[in-house]
>>> print(open('run_1.cif').read())   # mmCIF, C-alpha atoms and all ligand atoms
data_data
loop_
_atom_site.label_atom_id
_atom_site.label_comp_id
_atom_site.auth_asym_id
_atom_site.auth_seq_id
_atom_site.Cartn_x
_atom_site.Cartn_y
_atom_site.Cartn_z
CA MET A 1 -110.71 165.41 95.95
CA ARG A 2 -109.10 164.38 99.23
CA ALA A 3 -105.57 163.01 99.53
CA GLU A 4 -104.60 159.40 98.92
CA SER A 5 -103.72 157.30 101.96
CA THR A 6 -100.19 157.74 103.26
CA ILE A 7 -100.29 154.31 104.92
CA THR A 8 -97.52 151.95 103.85
CA ARG A 9 -99.00 148.49 103.76
CA ARG A 10 -97.15 145.47 105.08
CA GLN A 11 -95.78 143.48 102.16
CA SER A 12 -97.71 140.25 102.01
CA ARG A 13 -97.86 137.57 99.36
CA GLN A 14 -101.01 137.46 97.32
CA ILE A 15 -103.53 134.63 97.36
CA MET A 16 -106.67 134.27 95.29
CA VAL A 17 -110.04 133.70 96.93
CA GLY A 18 -111.99 132.79 93.81
CA ASN A 19 -111.40 135.77 91.52
CA VAL A 20 -110.62 138.16 94.37
CA PRO A 21 -106.93 138.80 95.11
CA VAL A 22 -106.11 139.09 98.80
CA GLY A 23 -102.75 140.48 99.90
CA GLY A 24 -99.92 142.04 97.93
CA ASP A 25 -101.07 145.30 96.38
CA ALA A 26 -104.71 144.21 96.08
CA PRO A 27 -107.35 146.47 97.60
CA ILE A 28 -108.27 145.42 101.14
CA ALA A 29 -111.19 143.04 100.66
CA VAL A 30 -114.36 143.52 102.71
CA GLN A 31 -116.11 140.41 103.94
CA SER A 32 -119.18 139.38 105.84
CA MET A 33 -120.80 136.13 106.87
CA THR A 34 -124.31 134.85 106.33
CA ASN A 35 -126.39 134.29 109.45
CA THR A 36 -129.18 132.27 107.84
CA ASN A 37 -129.52 128.51 108.25
CA THR A 38 -127.26 127.16 105.49
CA LEU A 39 -129.77 124.35 104.92
CA ASP A 40 -132.23 127.03 103.87
CA VAL A 41 -130.72 127.58 100.43
CA ASP A 42 -133.22 130.24 99.32
CA ALA A 43 -132.80 132.39 102.43
CA THR A 44 -129.00 132.11 102.28
CA VAL A 45 -128.85 132.97 98.57
CA GLU A 46 -131.17 135.90 99.19
CA GLN A 47 -128.88 137.21 101.92
CA ILE A 48 -125.81 136.70 99.73
CA ARG A 49 -127.49 138.75 96.98
CA ARG A 50 -128.12 141.59 99.46
CA LEU A 51 -124.48 141.45 100.51
CA GLU A 52 -123.32 141.43 96.88
CA ALA A 53 -125.53 144.46 96.22
CA VAL A 54 -123.70 146.54 98.84
CA GLY A 55 -120.30 145.50 97.49
CA ALA A 56 -119.18 142.48 99.57
CA ASP A 57 -115.94 141.17 98.07
CA ILE A 58 -116.04 137.78 99.82
CA ILE A 59 -118.78 136.06 101.85
CA ARG A 60 -118.35 133.32 104.45
CA VAL A 61 -120.95 130.63 104.97
CA SER A 62 -120.99 128.32 107.96
CA VAL A 63 -121.11 124.65 106.98
CA PRO A 64 -121.70 122.63 110.15
CA SER A 65 -122.75 119.27 108.63
CA ILE A 66 -122.55 117.12 105.52
CA GLU A 67 -126.17 118.07 104.72
CA ALA A 68 -125.13 121.72 104.94
CA ALA A 69 -122.25 120.94 102.55
CA GLU A 70 -124.77 119.73 99.94
CA ALA A 71 -126.83 122.88 100.47
CA PHE A 72 -123.61 124.88 100.11
CA GLY A 73 -123.10 123.32 96.66
CA GLN A 74 -126.44 124.78 95.52
CA ILE A 75 -125.66 128.13 97.15
CA ARG A 76 -122.26 128.21 95.40
CA LYS A 77 -123.94 127.82 92.02
CA ALA A 78 -126.35 130.70 92.69
CA ALA A 79 -123.81 133.23 94.01
CA SER A 80 -121.35 135.28 91.97
CA VAL A 81 -119.12 136.46 94.82
CA PRO A 82 -116.38 134.13 96.18
CA LEU A 83 -117.61 132.00 99.08
CA VAL A 84 -115.62 130.78 102.07
CA SER A 85 -116.86 127.74 103.99
CA ASP A 86 -116.48 127.85 107.75
CA ILE A 87 -115.76 124.33 108.96
CA HIS A 88 -114.83 122.87 112.31
CA PHE A 89 -113.79 119.37 113.38
CA ASP A 90 -115.17 117.28 110.50
CA TYR A 91 -112.65 117.04 107.63
CA ARG A 92 -115.20 115.23 105.43
CA ILE A 93 -117.21 118.45 105.18
CA ALA A 94 -114.08 120.25 103.99
CA LEU A 95 -113.45 117.59 101.35
CA ARG A 96 -117.04 117.76 100.14
CA VAL A 97 -117.21 121.56 99.81
CA ALA A 98 -113.87 121.45 97.99
CA GLU A 99 -115.52 119.15 95.42
CA LEU A 100 -118.52 121.47 95.25
CA GLY A 101 -116.49 124.53 94.30
CA VAL A 102 -115.72 126.39 97.53
CA ASP A 103 -113.36 129.37 97.03
CA CYS A 104 -111.62 129.20 100.42
CA LEU A 105 -111.80 126.99 103.52
CA ARG A 106 -111.81 128.50 106.96
CA ILE A 107 -110.55 125.77 109.24
CA ASN A 108 -108.25 125.28 112.17
CA PRO A 109 -105.96 122.40 111.20
CA GLY A 110 -105.41 121.77 114.92
CA ASN A 111 -109.00 120.70 115.50
CA ILE A 112 -109.06 118.41 112.47
CA GLY A 113 -106.03 116.23 113.20
CA LYS A 114 -102.73 115.77 111.34
CA ASP A 115 -103.62 112.85 109.04
CA ARG A 116 -106.91 114.40 108.06
CA VAL A 117 -105.30 117.75 107.45
CA LYS A 118 -103.12 115.99 104.85
CA GLN A 119 -106.22 114.97 102.94
CA VAL A 120 -107.79 118.43 103.15
CA VAL A 121 -104.56 120.11 102.05
CA SER A 122 -104.18 117.72 99.15
CA ALA A 123 -107.76 118.50 98.00
CA CYS A 124 -106.99 122.22 98.27
CA LYS A 125 -103.72 121.85 96.36
CA ASP A 126 -105.46 119.96 93.54
CA ARG A 127 -108.03 122.70 93.12
CA GLY A 128 -106.01 125.82 94.04
CA ILE A 129 -108.22 126.50 97.06
CA PRO A 130 -106.68 128.67 99.79
CA ILE A 131 -107.21 128.08 103.50
CA ARG A 132 -107.85 130.60 106.25
CA ILE A 133 -106.45 129.61 109.60
CA GLY A 134 -108.90 131.19 111.98
CA VAL A 135 -107.40 131.55 115.45
CA ASN A 136 -109.97 132.72 117.98
CA ALA A 137 -109.26 133.63 121.61
CA GLY A 138 -112.55 131.98 122.58
CA SER A 139 -111.66 128.56 121.21
CA LEU A 140 -108.00 127.98 122.10
CA GLY A 141 -106.86 124.41 122.77
CA LYS A 142 -107.13 123.10 126.33
CA ASP A 143 -103.36 122.67 126.65
CA LEU A 144 -102.80 126.32 125.67
CA LEU A 145 -105.33 127.46 128.23
CA ARG A 146 -103.58 125.34 130.87
CA LYS A 147 -100.21 126.79 129.89
CA TYR A 148 -101.29 130.43 129.68
CA LYS A 149 -104.05 130.21 132.38
CA GLU A 150 -106.40 132.33 130.23
CA PRO A 151 -106.74 133.50 126.63
CA SER A 152 -103.92 135.90 125.74
CA ALA A 153 -102.13 137.24 122.69
CA ALA A 154 -99.20 134.89 123.40
CA ALA A 155 -101.55 131.88 123.53
CA MET A 156 -103.18 132.96 120.27
CA VAL A 157 -99.80 133.36 118.58
CA GLU A 158 -98.72 129.89 119.76
CA SER A 159 -101.96 128.44 118.42
CA ALA A 160 -101.41 130.19 115.08
CA ARG A 161 -97.82 128.94 114.86
CA ARG A 162 -98.96 125.34 115.41
CA ASN A 163 -101.64 125.60 112.74
CA ILE A 164 -99.30 127.32 110.31
CA GLU A 165 -96.67 124.64 110.87
CA MET A 166 -99.17 121.90 110.03
CA LEU A 167 -99.82 123.49 106.65
CA LEU A 168 -96.17 124.28 105.95
CA ASP A 169 -95.26 120.67 106.81
CA GLU A 170 -97.49 119.69 103.90
CA GLY A 171 -95.72 122.19 101.65
CA PHE A 172 -98.84 124.36 101.62
CA GLU A 173 -98.38 128.13 101.63
CA ASN A 174 -101.64 129.22 100.04
CA PHE A 175 -103.24 130.48 103.24
CA LYS A 176 -104.17 133.56 105.24
CA VAL A 177 -104.48 133.93 108.97
CA SER A 178 -106.88 135.64 111.35
CA MET A 179 -106.21 136.27 115.05
CA LYS A 180 -109.57 137.26 116.47
CA SER A 181 -110.38 138.26 120.01
CA SER A 182 -113.22 140.30 121.46
CA ASP A 183 -110.55 142.20 123.39
CA VAL A 184 -109.08 144.97 121.25
CA PHE A 185 -105.67 144.97 122.97
CA MET A 186 -105.29 141.20 122.71
CA ALA A 187 -106.22 141.16 119.04
CA ILE A 188 -103.85 144.02 118.19
CA GLU A 189 -100.91 142.36 119.95
CA ALA A 190 -101.62 138.99 118.35
CA TYR A 191 -101.90 140.48 114.86
CA ARG A 192 -98.76 142.59 115.27
CA THR A 193 -96.74 139.56 116.35
CA ILE A 194 -97.91 137.22 113.60
CA ALA A 195 -97.51 140.01 111.00
CA ARG A 196 -93.77 140.03 111.76
CA GLU A 197 -93.45 136.25 111.45
CA ILE A 198 -95.18 135.33 108.20
CA ASP A 199 -95.75 136.91 104.81
CA GLN A 200 -99.18 135.41 104.20
CA PRO A 201 -102.12 137.82 104.07
CA LEU A 202 -103.94 138.66 107.29
CA HIS A 203 -107.68 138.70 107.73
CA LEU A 204 -108.57 141.28 110.39
CA GLY A 205 -111.48 141.16 112.78
CA ILE A 206 -112.49 141.89 116.34
CA THR A 207 -114.69 138.92 117.10
CA GLU A 208 -118.05 139.19 118.88
CA ALA A 209 -117.52 142.95 118.82
CA GLY A 210 -121.09 143.77 119.83
CA GLY A 211 -124.17 145.39 118.36
CA LEU A 212 -124.29 147.87 115.51
CA ARG A 213 -123.04 150.86 117.50
CA SER A 214 -120.76 149.27 120.10
CA GLY A 215 -119.36 146.74 117.62
CA THR A 216 -118.63 149.42 115.07
CA VAL A 217 -116.73 151.48 117.63
CA LYS A 218 -114.76 148.51 118.94
CA SER A 219 -113.89 147.31 115.43
CA ALA A 220 -112.89 150.79 114.32
CA ALA A 221 -110.61 151.16 117.36
CA GLY A 222 -108.86 147.81 116.84
CA LEU A 223 -108.88 147.48 113.08
CA GLY A 224 -108.25 151.19 112.56
CA LEU A 225 -105.02 151.02 114.51
CA LEU A 226 -103.80 147.91 112.69
CA LEU A 227 -104.76 149.25 109.28
CA MET A 228 -102.90 152.49 109.98
CA GLU A 229 -99.82 150.40 110.74
CA GLY A 230 -100.27 148.79 107.33
CA ILE A 231 -101.48 145.47 108.73
CA GLY A 232 -104.48 143.77 107.14
CA ASP A 233 -105.38 142.46 103.70
CA THR A 234 -109.04 141.68 104.23
CA ILE A 235 -111.44 142.67 106.99
CA ARG A 236 -114.67 141.60 108.58
CA ILE A 237 -116.56 143.82 110.99
CA SER A 238 -118.37 141.33 113.27
CA LEU A 239 -121.67 142.82 114.35
CA ALA A 240 -124.71 141.40 116.06
CA ALA A 241 -126.73 143.08 113.31
CA ASP A 242 -127.80 142.61 109.70
CA PRO A 243 -124.62 141.42 107.86
CA VAL A 244 -125.27 144.12 105.26
CA GLU A 245 -124.26 146.61 107.97
CA GLU A 246 -120.92 144.79 108.34
CA ILE A 247 -120.10 145.51 104.72
CA LYS A 248 -121.20 149.15 104.95
CA VAL A 249 -119.16 149.72 108.13
CA GLY A 250 -116.16 147.90 106.59
CA PHE A 251 -116.13 150.19 103.58
CA ASP A 252 -116.69 153.26 105.74
CA LEU A 253 -113.68 152.30 107.85
CA LEU A 254 -111.46 151.82 104.79
CA LYS A 255 -112.77 155.03 103.26
CA SER A 256 -111.98 156.97 106.42
CA LEU A 257 -108.35 155.83 106.13
CA HIS A 258 -108.31 156.47 102.37
CA LEU A 259 -107.50 152.79 101.85
CA ARG A 260 -110.46 152.22 99.54
CA SER A 261 -112.77 154.52 97.75
CA LYS A 262 -116.22 153.30 96.96
CA GLY A 263 -119.40 155.29 96.71
CA ILE A 264 -120.09 158.57 98.41
CA ASN A 265 -117.66 159.76 101.07
CA LEU A 266 -119.99 162.01 103.01
CA VAL A 267 -118.54 164.81 105.12
CA ALA A 268 -121.17 166.38 107.36
CA CYS A 269 -121.13 168.68 110.34
CA PRO A 270 -122.96 167.60 113.51
CA SER A 271 -125.15 170.75 113.26
CA CYS A 272 -125.90 173.35 115.92
CA SER A 273 -128.06 176.41 116.30
CA ARG A 274 -126.17 178.15 113.51
CA GLN A 275 -127.46 175.68 110.93
CA ASN A 276 -129.39 177.19 108.03
CA PHE A 277 -131.16 173.94 107.12
CA ASP A 278 -131.84 170.66 108.91
CA VAL A 279 -128.40 169.04 108.49
CA ILE A 280 -129.25 165.70 110.12
CA LYS A 281 -132.45 165.18 108.12
CA THR A 282 -130.66 166.18 104.91
CA VAL A 283 -127.73 163.83 105.52
CA ASN A 284 -129.92 160.85 106.41
CA GLU A 285 -132.17 161.32 103.41
CA LEU A 286 -129.24 161.88 101.04
CA GLU A 287 -127.37 158.84 102.36
CA ARG A 288 -130.44 156.67 101.78
CA ARG A 289 -130.94 157.97 98.24
CA VAL A 290 -127.34 157.56 97.01
CA GLU A 291 -126.63 154.18 98.63
CA ASP A 292 -126.55 152.47 95.22
CA ILE A 293 -123.69 154.63 93.88
CA THR A 294 -120.31 152.91 93.75
CA THR A 295 -118.28 155.64 91.99
CA PRO A 296 -116.06 157.38 94.56
CA LEU A 297 -117.18 160.94 95.22
CA ASP A 298 -116.58 163.37 98.10
CA VAL A 299 -119.74 165.18 99.17
CA ALA A 300 -119.85 167.76 101.97
CA VAL A 301 -123.02 168.85 103.75
CA ILE A 302 -122.26 171.65 106.21
CA GLY A 303 -124.82 173.72 108.08
CA CYS A 304 -123.30 177.21 107.98
CA ILE A 305 -120.47 179.37 106.75
CA VAL A 306 -118.26 178.69 109.79
CA ASN A 307 -116.85 175.52 108.19
CA GLY A 308 -119.00 175.29 105.08
CA PRO A 309 -116.92 176.98 102.37
CA GLY A 310 -113.68 175.28 103.50
CA GLU A 311 -115.18 171.78 103.42
CA ALA A 312 -117.27 172.43 100.31
CA LYS A 313 -114.19 173.53 98.35
CA GLU A 314 -112.39 170.27 99.16
CA ALA A 315 -115.30 168.10 97.98
CA ASP A 316 -116.52 167.14 94.50
CA ILE A 317 -119.87 168.55 95.52
CA GLY A 318 -120.35 170.61 98.66
CA LEU A 319 -123.25 172.36 100.28
CA THR A 320 -122.83 175.17 102.75
CA GLY A 321 -125.74 176.62 104.66
CA ALA A 322 -126.24 180.39 104.35
CA THR A 323 -128.98 183.01 104.59
CA PRO A 324 -131.14 183.72 102.65
CA ASN A 325 -130.02 180.87 100.37
CA ASN A 326 -127.70 177.93 100.77
CA LEU A 327 -124.83 177.56 98.34
CA ILE A 328 -123.74 174.45 96.42
CA TYR A 329 -120.13 174.16 95.29
CA ARG A 330 -119.08 172.00 92.39
CA GLU A 331 -115.45 170.93 92.20
CA GLY A 332 -114.43 173.66 94.63
CA ARG A 333 -116.30 176.53 93.00
CA PRO A 334 -119.66 178.11 93.91
CA ASP A 335 -122.19 176.68 91.46
CA ARG A 336 -125.76 177.51 92.50
CA LYS A 337 -128.01 178.68 95.29
CA VAL A 338 -130.69 176.44 96.78
CA THR A 339 -133.53 177.05 99.17
CA LYS A 340 -133.90 174.65 102.06
CA ASP A 341 -136.94 173.03 100.41
CA ASN A 342 -135.09 171.37 97.52
CA ILE A 343 -131.65 170.69 98.97
CA VAL A 344 -131.77 166.88 98.81
CA ASP A 345 -133.29 166.76 95.32
CA GLU A 346 -130.69 169.17 94.00
CA LEU A 347 -127.75 167.42 95.67
CA GLU A 348 -128.91 164.02 94.41
CA ARG A 349 -129.32 165.37 90.89
CA MET A 350 -125.86 166.92 90.91
CA ILE A 351 -124.25 163.80 92.40
CA ARG A 352 -125.81 161.55 89.76
CA ALA A 353 -124.79 163.96 86.99
CA ARG A 354 -121.19 163.97 88.27
CA VAL A 355 -121.19 160.15 88.48
CA ALA A 356 -122.41 159.95 84.86
CA GLU A 357 -119.69 162.41 83.79
CA LYS A 358 -117.01 160.33 85.50
CA ALA A 359 -118.33 157.13 83.88
CA ALA A 360 -118.28 158.77 80.43
CA LEU A 361 -114.73 160.03 81.04
CA SER A 362 -113.45 156.64 82.12
CA ALA A 363 -115.17 154.94 79.11
CA LYS A 364 -113.42 157.46 76.84
CA GLU A 365 -110.06 156.79 78.48
CA THR A 366 -110.54 153.02 78.14
CA ALA A 367 -111.42 153.38 74.46
CA LEU A 368 -108.42 155.65 73.90
CA SER A 369 -105.99 153.27 75.56
CA ALA A 370 -107.45 150.30 73.59
CA GLU A 371 -106.93 152.34 70.41
CA GLU A 372 -103.33 153.11 71.38
CA THR A 373 -102.63 149.44 72.14
CA ALA A 374 -104.08 148.38 68.77
CA LEU A 375 -102.06 151.07 67.02
CA SER A 376 -98.76 150.08 68.60
CA ALA A 377 -99.51 146.39 67.89
CA ASN A 378 -100.07 147.29 64.21
CA GLU A 379 -96.87 149.33 64.08
CA SER A 380 -94.73 146.56 65.55
CA SER A 381 -96.15 143.98 63.11
CA ASP A 382 -95.59 146.29 60.14
CA PRO A 383 -92.26 145.21 58.53
CA VAL A 384 -91.82 148.55 56.74
CA ALA A 385 -92.30 150.54 59.90
CA GLU A 386 -89.91 148.22 61.73
CA GLY A 387 -87.15 148.42 59.13
CA SER A 388 -87.44 152.11 58.32
CA PRO A 389 -84.77 154.47 59.66
S1 LIG A 401 -120.62 174.09 110.59
FE1 LIG A 401 -121.98 175.62 111.43
S2 LIG A 401 -123.92 174.55 111.73
FE2 LIG A 401 -122.38 172.97 111.51
S3 LIG A 401 -121.78 172.54 113.60
FE3 LIG A 401 -120.33 174.03 112.82
S4 LIG A 401 -121.14 176.01 113.47
FE4 LIG A 401 -122.80 174.49 113.66
#
>>> encode(input="run_1.cif", output="C-alpha cells")
Amino acid sequence: MRAESTITRRQSRQIMVGNVPVGGDAPIAVQSMTNTNTLDVDATVEQIRRLEAVGADIIRVSVPSIEAAEAFGQIRKAASVPLVSDIHFDYRIALRVAELGVDCLRINPGNIGKDRVKQVVSACKDRGIPIRIGVNAGSLGKDLLRKYKEPSAAAMVESARRNIEMLLDEGFENFKVSMKSSDVFMAIEAYRTIAREIDQPLHLGITEAGGLRSGTVKSAAGLGLLLMEGIGDTIRISLAADPVEEIKVGFDLLKSLHLRSKGINLVACPSCSRQNFDVIKTVNELERRVEDITTPLDVAVIGCIVNGPGEAKEADIGLTGATPNNLIYREGRPDRKVTKDNIVDELERMIRARVAEKAALSAKETALSAEETALSANESSDPVAEGSP
C-alpha cells in the first residue's frame, strides 16, 4: 500500500452539515450541486441518488423561489445525504428551508440585509444549521468593484470580512467560507489570506472552471496547491458536465494527494510500443467494471517490464505486461500468469476477492473490539475483580 499523506492540515474548528463533520480532523468532504430544475422534484431526487451512489458527502440544491423552497422540502425527505440550499437575496426562502429541514444554508449575508440576516441567523441558531458564506469574484458588491476597479483577491477578502462580521455580530460562529473565482491565482490568494484570519472551515472551489477536461485541470491546479498547503475542509469541482463527474474528480484529486482513500486507486502507464497488451482498453474497461467499489485498494496496470514489476510490487494487485504471458502480482508478490484475452476478467475477480477479504477482516476486528469492550465493562462492574489484589 502507498504512503499516507504527509500534508499537515490547517487547524479549523469543526461544524456539522447534517451528519457530516466538516473541518477539524474530519475527512475532506466532497460536494456537488444539482443542475436540475428544483421544482422538478423527481428529476432532482433522481440526480441526488446518482450523486449519493458515487459517494457525494454533501449536495447543494439551488432554491431560487418560495415555490422551489416547498419543492426542496419534498426533496429533503427523499434524500439521505445532507443538503445545502443555495439562496440569494430573499431571506424568506432561507427561513422556509430552515423550517423544512435544510442541513446548511449557502447565503451571502451582504445581499440579504442586516435586519433580515438577524432573522435567518436566529432560525439557524434554533435548529443548529450552519451557514456557508459564499464569496464569488463574479458577484462582488458594486462599492467593492468601484474601490478595487475589478474583481481581485483583496476585494474578495474584504467582501468575506464584511459577511463574516455580520454573522459574528449576531454571535454566530457556526459557518464555513468559500472564496471562489474562475481565476486560479485570485482564488489561491483569497483562500490563503482568509485561512490566516479565521478558524472556520473552508469550502474550496474554482468557480466556472470549464468543461470536464479543462475544468478538471484548472481545479486540480488551484485546489491541489491549496490542499497541499493544508487548506480546505470540503471541496467542489465545478464542471460544465454531469455533476456525477464532479464527485468522481473530487475523490480522484483527494486520492492523488493521499488525503482520502475511497475505491480503486488505479496506477496505469500511458502505454507505448513496448506494451504486451492493450493498456488503454484494459484500464477503461476495468475502471468501468469496478466503479461501484468503495474499499480503498491500489491497483497497477503497466504494459511491460520496464516499470511493471516496480509498480506492481507497490500495489495491492498489480499487472505487468510480459511475453509470452503477463504477470499478476498480489500484495507485492508474483501470483499468476494471464494471457491477454482474460486480463480484465482476472483482475476484476482478484480485486473483488481482495475487497471481500478486507471486509471480512474489518468485521472480525470490529467484533473483537466489541468483545474486548464488553469484557472490560464486565470486569470493572465486578466487585470481586475490583477489590482483589
Ligand atoms: S511501462 Fe512499458 S509499455 Fe508502459 S509506457 Fe512504459 S515502456 Fe511503454
>>> residues_near_ligand(input="run_1.cif", ligand="ligand LIG 401 (chain A)", cutoff="8 Å", atoms="only C-alpha atoms and all ligand atoms", output="list in words")
Ala268, Cys269, Pro270, Ser271, Cys272, Ser273, Arg274, Gln275, Asn276, Val279, Ile302, Gly303, Cys304, Ile305, Val306, Asn307, Gly308 and Gly321 of chain A
>>> closest_residue(input="run_1.cif", among="A:Gln74, A:Gln47, A:Gln200, A:Thr207", to="Gly138 of chain A", atoms="all atoms listed in the file")
A:Thr207
>>> residues_around(input="run_1.cif", residues="Glu291 of chain A", least_positions_apart="4", cutoff="8 Å", atoms="all atoms listed in the file", output="ChimeraX atom specification")
/A:263-264,287
>>> residues_around(input="run_1.cif", residues="segment 82-96 of chain A", least_positions_apart="5", cutoff="8 Å", atoms="all atoms listed in the file", output="VMD selection string")
chain A and resid 17 to 20 57 to 66 69 to 70 76 102 to 108 111 to 112 116 to 117 119 to 120 123
>>> atom_distance(input="run_1.cif", atom1="atom CA of Leu327 of chain A", atom2="atom CA of Thr295 of chain A")
23.7 Å
>>> closest_residue(input="run_1.cif", among="A:Val244, A:Leu202, A:Ala154, A:Leu212", to="Arg9 of chain A", atoms="all atoms listed in the file")
A:Leu202
>>> residues_around(input="run_1.cif", residues="Pro334 of chain A", least_positions_apart="2", cutoff="9 Å", atoms="all atoms listed in the file", output="list in words")
Pro309, Ala312, Lys313, Gly318, Leu327, Ile328, Tyr329, Arg330, Glu331, Gly332, Arg336 and Lys337 of chain A
>>> closest_residue(input="run_1.cif", among="A:Asp183, A:Asp252, A:Glu379, A:Glu170", to="Ala137 of chain A", atoms="all atoms listed in the file")
A:Asp183
>>> atom_distance(input="run_1.cif", atom1="atom CA of Val184 of chain A", atom2="atom CA of Leu204 of chain A")
11.5 Å
>>> atom_distance(input="run_1.cif", atom1="atom CA of Asp233 of chain A", atom2="atom CA of Ala79 of chain A")
22.8 Å
>>> closest_residue(input="run_1.cif", among="A:Ile231, A:Ala359, A:Ala374, A:Val41", to="Gly23 of chain A", atoms="only C-alpha atoms")
A:Ile231
>>> residues_around(input="run_1.cif", residues="Ser159 of chain A", least_positions_apart="4", cutoff="9 Å", atoms="all atoms listed in the file", output="PyMOL selection string")
chain A and resi 110+135+140-141+144+154-155+163-164
>>> build_atoms(input="run_1.cif", residues="segment 101-123 of chain A", atoms="N, CA and C atoms", output="PDB file, in the coordinates of the input")
ATOM      1  N   GLY A 101    -116.894 123.228  94.866  1.00  0.00           N
ATOM      2  CA  GLY A 101    -116.490 124.530  94.300  1.00  0.00           C
ATOM      3  C   GLY A 101    -116.274 125.651  95.288  1.00  0.00           C
ATOM      4  N   VAL A 102    -115.972 125.323  96.555  1.00  0.00           N
ATOM      5  CA  VAL A 102    -115.720 126.390  97.530  1.00  0.00           C
ATOM      6  C   VAL A 102    -114.493 127.218  97.092  1.00  0.00           C
ATOM      7  N   ASP A 103    -114.472 128.510  97.446  1.00  0.00           N
ATOM      8  CA  ASP A 103    -113.360 129.370  97.030  1.00  0.00           C
ATOM      9  C   ASP A 103    -112.279 129.494  98.090  1.00  0.00           C
ATOM     10  N   CYS A 104    -112.601 129.158  99.333  1.00  0.00           N
ATOM     11  CA  CYS A 104    -111.620 129.200 100.420  1.00  0.00           C
ATOM     12  C   CYS A 104    -112.200 128.402 101.591  1.00  0.00           C
ATOM     13  N   LEU A 105    -111.332 127.724 102.326  1.00  0.00           N
ATOM     14  CA  LEU A 105    -111.800 126.990 103.520  1.00  0.00           C
ATOM     15  C   LEU A 105    -111.325 127.709 104.751  1.00  0.00           C
ATOM     16  N   ARG A 106    -112.236 127.973 105.664  1.00  0.00           N
ATOM     17  CA  ARG A 106    -111.810 128.500 106.960  1.00  0.00           C
ATOM     18  C   ARG A 106    -111.823 127.319 107.932  1.00  0.00           C
ATOM     19  N   ILE A 107    -110.653 126.894 108.305  1.00  0.00           N
ATOM     20  CA  ILE A 107    -110.550 125.770 109.240  1.00  0.00           C
ATOM     21  C   ILE A 107    -109.451 126.074 110.261  1.00  0.00           C
ATOM     22  N   ASN A 108    -109.410 125.286 111.293  1.00  0.00           N
ATOM     23  CA  ASN A 108    -108.250 125.280 112.170  1.00  0.00           C
ATOM     24  C   ASN A 108    -107.655 123.884 112.077  1.00  0.00           C
ATOM     25  N   PRO A 109    -106.524 123.742 111.364  1.00  0.00           N
ATOM     26  CA  PRO A 109    -105.960 122.400 111.200  1.00  0.00           C
ATOM     27  C   PRO A 109    -105.866 121.659 112.528  1.00  0.00           C
ATOM     28  N   GLY A 110    -105.579 122.394 113.600  1.00  0.00           N
ATOM     29  CA  GLY A 110    -105.410 121.770 114.920  1.00  0.00           C
ATOM     30  C   GLY A 110    -106.641 121.011 115.382  1.00  0.00           C
ATOM     31  N   ASN A 111    -107.831 121.446 115.032  1.00  0.00           N
ATOM     32  CA  ASN A 111    -109.000 120.700 115.500  1.00  0.00           C
ATOM     33  C   ASN A 111    -109.513 119.679 114.478  1.00  0.00           C
ATOM     34  N   ILE A 112    -108.702 119.437 113.459  1.00  0.00           N
ATOM     35  CA  ILE A 112    -109.060 118.410 112.470  1.00  0.00           C
ATOM     36  C   ILE A 112    -108.171 117.178 112.613  1.00  0.00           C
ATOM     37  N   GLY A 113    -106.932 117.371 113.025  1.00  0.00           N
ATOM     38  CA  GLY A 113    -106.030 116.230 113.200  1.00  0.00           C
ATOM     39  C   GLY A 113    -105.075 116.094 112.036  1.00  0.00           C
ATOM     40  N   LYS A 114    -103.810 115.710 112.337  1.00  0.00           N
ATOM     41  CA  LYS A 114    -102.730 115.770 111.340  1.00  0.00           C
ATOM     42  C   LYS A 114    -103.005 114.965 110.063  1.00  0.00           C
ATOM     43  N   ASP A 115    -103.421 113.681 110.231  1.00  0.00           N
ATOM     44  CA  ASP A 115    -103.620 112.850 109.040  1.00  0.00           C
ATOM     45  C   ASP A 115    -104.727 113.396 108.146  1.00  0.00           C
ATOM     46  N   ARG A 116    -105.773 113.879 108.831  1.00  0.00           N
ATOM     47  CA  ARG A 116    -106.910 114.400 108.060  1.00  0.00           C
ATOM     48  C   ARG A 116    -106.572 115.731 107.393  1.00  0.00           C
ATOM     49  N   VAL A 117    -105.736 116.490 108.057  1.00  0.00           N
ATOM     50  CA  VAL A 117    -105.300 117.750 107.450  1.00  0.00           C
ATOM     51  C   VAL A 117    -104.609 117.462 106.117  1.00  0.00           C
ATOM     52  N   LYS A 118    -103.808 116.381 106.100  1.00  0.00           N
ATOM     53  CA  LYS A 118    -103.120 115.990 104.850  1.00  0.00           C
ATOM     54  C   LYS A 118    -104.119 115.870 103.704  1.00  0.00           C
ATOM     55  N   GLN A 119    -105.223 115.189 103.998  1.00  0.00           N
ATOM     56  CA  GLN A 119    -106.220 114.970 102.940  1.00  0.00           C
ATOM     57  C   GLN A 119    -106.859 116.288 102.500  1.00  0.00           C
ATOM     58  N   VAL A 120    -107.163 117.141 103.482  1.00  0.00           N
ATOM     59  CA  VAL A 120    -107.790 118.430 103.150  1.00  0.00           C
ATOM     60  C   VAL A 120    -106.816 119.273 102.325  1.00  0.00           C
ATOM     61  N   VAL A 121    -105.558 119.310 102.762  1.00  0.00           N
ATOM     62  CA  VAL A 121    -104.560 120.110 102.050  1.00  0.00           C
ATOM     63  C   VAL A 121    -104.385 119.589 100.622  1.00  0.00           C
ATOM     64  N   SER A 122    -104.370 118.266 100.488  1.00  0.00           N
ATOM     65  CA  SER A 122    -104.180 117.720  99.150  1.00  0.00           C
ATOM     66  C   SER A 122    -105.368 118.095  98.244  1.00  0.00           C
ATOM     67  N   ALA A 123    -106.592 118.075  98.796  1.00  0.00           N
ATOM     68  CA  ALA A 123    -107.760 118.500  98.000  1.00  0.00           C
ATOM     69  C   ALA A 123    -107.636 119.971  97.618  1.00  0.00           C
TER      70      ALA A 123
END
